[in-house]
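**Student:** Sharing a structure with you now.
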Amino acid sequence: MTSARELGLCRCHTCGLLVRYQVGSVCPRCASKLQVRIPRSLAWSWGFLALATFMLLPANLLPITHFYNKGLLQSDTIFSGIMALYRSKMGGIATIVLTASILVPVGKILGLGWICWQLQRSKPVRRKRQLLMYRVIDFIGRWSMLDLFVISLMVALVDRGVMLSVRAGPGATAFAGVVVLTMMSARMLDTRLLWDKAAR
C-alpha cells in the first residue's frame, strides 16, 4: 500500500488540509508551517504522560471538596466521596463517578503508555489494534472533566455562605492536571508513527 508520505503529500496539523509537501512550505489555507510528522512526538507524549502519572497520586489522596456545615468541616477525597454515595444508596451515581474519576484516567495512562512502549520496541506492532486503542482513549478523553463539572455545579447550587459552604479542594486541581496532561499526551502522539514503523 502506497502512503501519502511516499506520494509527497502532507496533512496540515492545524486545519487538516492535505497538500503537497516541500521543505519549509506552509499550509495554503491556514498559513501554518507544514511538518511531515510532529517533531519529537514520542518524547513529548512520554513527558506529559509521566507528569500525569505523578499528578494521579495527589488527585486521589488529597481532598477534592471541603464541605462546611454550621462551622464543621468535612473533607472528601474521590474515593471517600464514592463510598459516601454508595452508603447513601446512590450506587448508579457512585459507579459513574468511580468510572470517570479513577478507572478512566488510569486506563488512559496505561493505554497511552502501552502505545508509546510499542513504538519504542524493535518488534513490529499491530498497528490497527494500537490505532483503535488510541481512538478509544481520544474519544473518552472528552468525558474526563465530568468530576470537575459536578464539583463546580455542586458549589454553585449548595454554597450558601457562612452556614453552608462548599469549596473545591487541592485534589480537584491535581485531578484537572491529570485530565489536561493525558489529553496533551494523546494529542502530541503522532499515530502515523505506527505506520512508519510497520513500513520499516
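Every chain in the C-alpha cells takes a letter, A first, then B, and so on in the order presented; its residues are numbered from 1, and the ligands are numbered from 1 following the presented order.
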If you run DSSP on this backbone, which residues of stretch 15-119 of chain A come out as strand (DSSP E), and could you give them as a list in words?
**Tutor:**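 Residues of stretch 15-119 of chain A classed as strand (DSSP E): Leu18, Val19, Arg20, Thr65, His66, Phe67, Tyr68, Asn69, Leu72, Leu73, Gln74, Ser75 and Asp76 of chain A.
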**Student:** Can I get the residues of stretch 66-110 of chain A within 10 Å of stretch 47-52 of chain A, each with the closest pair of atoms and their distance in Å to one decimal, using only C-alpha atoms, sorted chain first then ascending number, as a tab-separated table?
**Tutor:**
```
residue	atom	partner	partner_atom	distance
A:Pro105	CA	A:Ala52	CA	9.0
A:Val106	CA	A:Ala52	CA	9.7
A:Lys108	CA	A:Leu49	CA	9.4
A:Ile109	CA	A:Leu49	CA	6.6
A:Leu110	CA	A:Leu49	CA	9.3
```
**Student:** Considering only alpha helix (DSSP H) as DSSP defines it on the backbone, what residues of stretch 23-156 of chain A qualify? List them as number ranges by chain.
**Tutor:** A: 41-61, 78-87, 91-98, 104-120, 127-140, 146-156
**Student:** Report, in Å to a single decimal, how far apart atom CA of A:Gly16 and atom CA of A:Cys30 are.
**Tutor:**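 Going from atom CA of A:Cys30 over to atom CA of A:Gly16 covers 9.7 Å.
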**Student:** Between A:Leu34, A:Ala174, A:Val180, A:Ala186, which is the closest to A:Phe54 once you count only C-alpha atoms?
**Tutor:**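 Nearest to A:Phe54: A:Ala174.
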**Student:** Of the candidates A:Ile137, A:Ser32, A:Cys12, A:Ile82, which one gets nearest to A:Met184 if we count only C-alpha atoms?
**Tutor:**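 Of A:Ile137, A:Ser32, A:Cys12, A:Ile82, the one nearest A:Met184, counting only C-alpha atoms, is A:Ile137.
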**Student:** For A:Val36, work out the shell of residues within 9 Å, counting only C-alpha atoms and skipping chain neighbours fewer than 6 positions away, then give it as a list in words.
**Tutor:**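 So, after excluding close chain neighbours, the residues are Arg5, Leu9, Cys10, Arg11, Cys12 and Tyr21 of chain A.
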**Student:** Mind checking which residues fall within 7 Å of A:Cys116, counting only C-alpha atoms, ignoring those fewer than 4 positions away in the same chain, and posting them as an mmCIF file with C-alpha atoms, in the first residue's frame?
**Tutor:**
```cif
data_model
loop_
_atom_site.group_PDB
_atom_site.id
_atom_site.type_symbol
_atom_site.label_atom_id
_atom_site.label_comp_id
_atom_site.auth_asym_id
_atom_site.auth_seq_id
_atom_site.Cartn_x
_atom_site.Cartn_y
_atom_site.Cartn_z
ATOM 1 C CA LEU A 42 7.061 10.293 21.218
ATOM 2 C CA LEU A 112 -1.075 5.623 26.116
ATOM 3 C CA GLN A 120 9.918 2.133 21.017
#
```
**Student:** How far is it from atom CA of A:Gly171 to atom CA of A:Ser80, in Å with one decimal?
**Tutor:**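 Computing the Euclidean distance for atom CA of A:Gly171 and atom CA of A:Ser80 yields 12.3 Å.
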**Student:** Pick out the closest residue to A:Trp114 from this set: A:Arg29, A:Arg129, A:His66, A:Arg192. Count only C-alpha atoms.
**Tutor:**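 Ranked by minimum distance to A:Trp114, first place goes to A:Arg129.
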**Student:** Rank A:Gly92, A:Pro58, A:Gly111, A:Gly141 by their smallest atom-to-atom distance to A:Phe175, using only C-alpha atoms, and report the top residue only.
**Tutor:** A:Pro58
**Student:** Counting only C-alpha atoms, figure out which residue out of A:His13, A:Val97, A:Tyr134, A:Ala168 gets nearest to A:Pro39.
**Tutor:**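 Under the stated criterion, the closest residue is A:His13.
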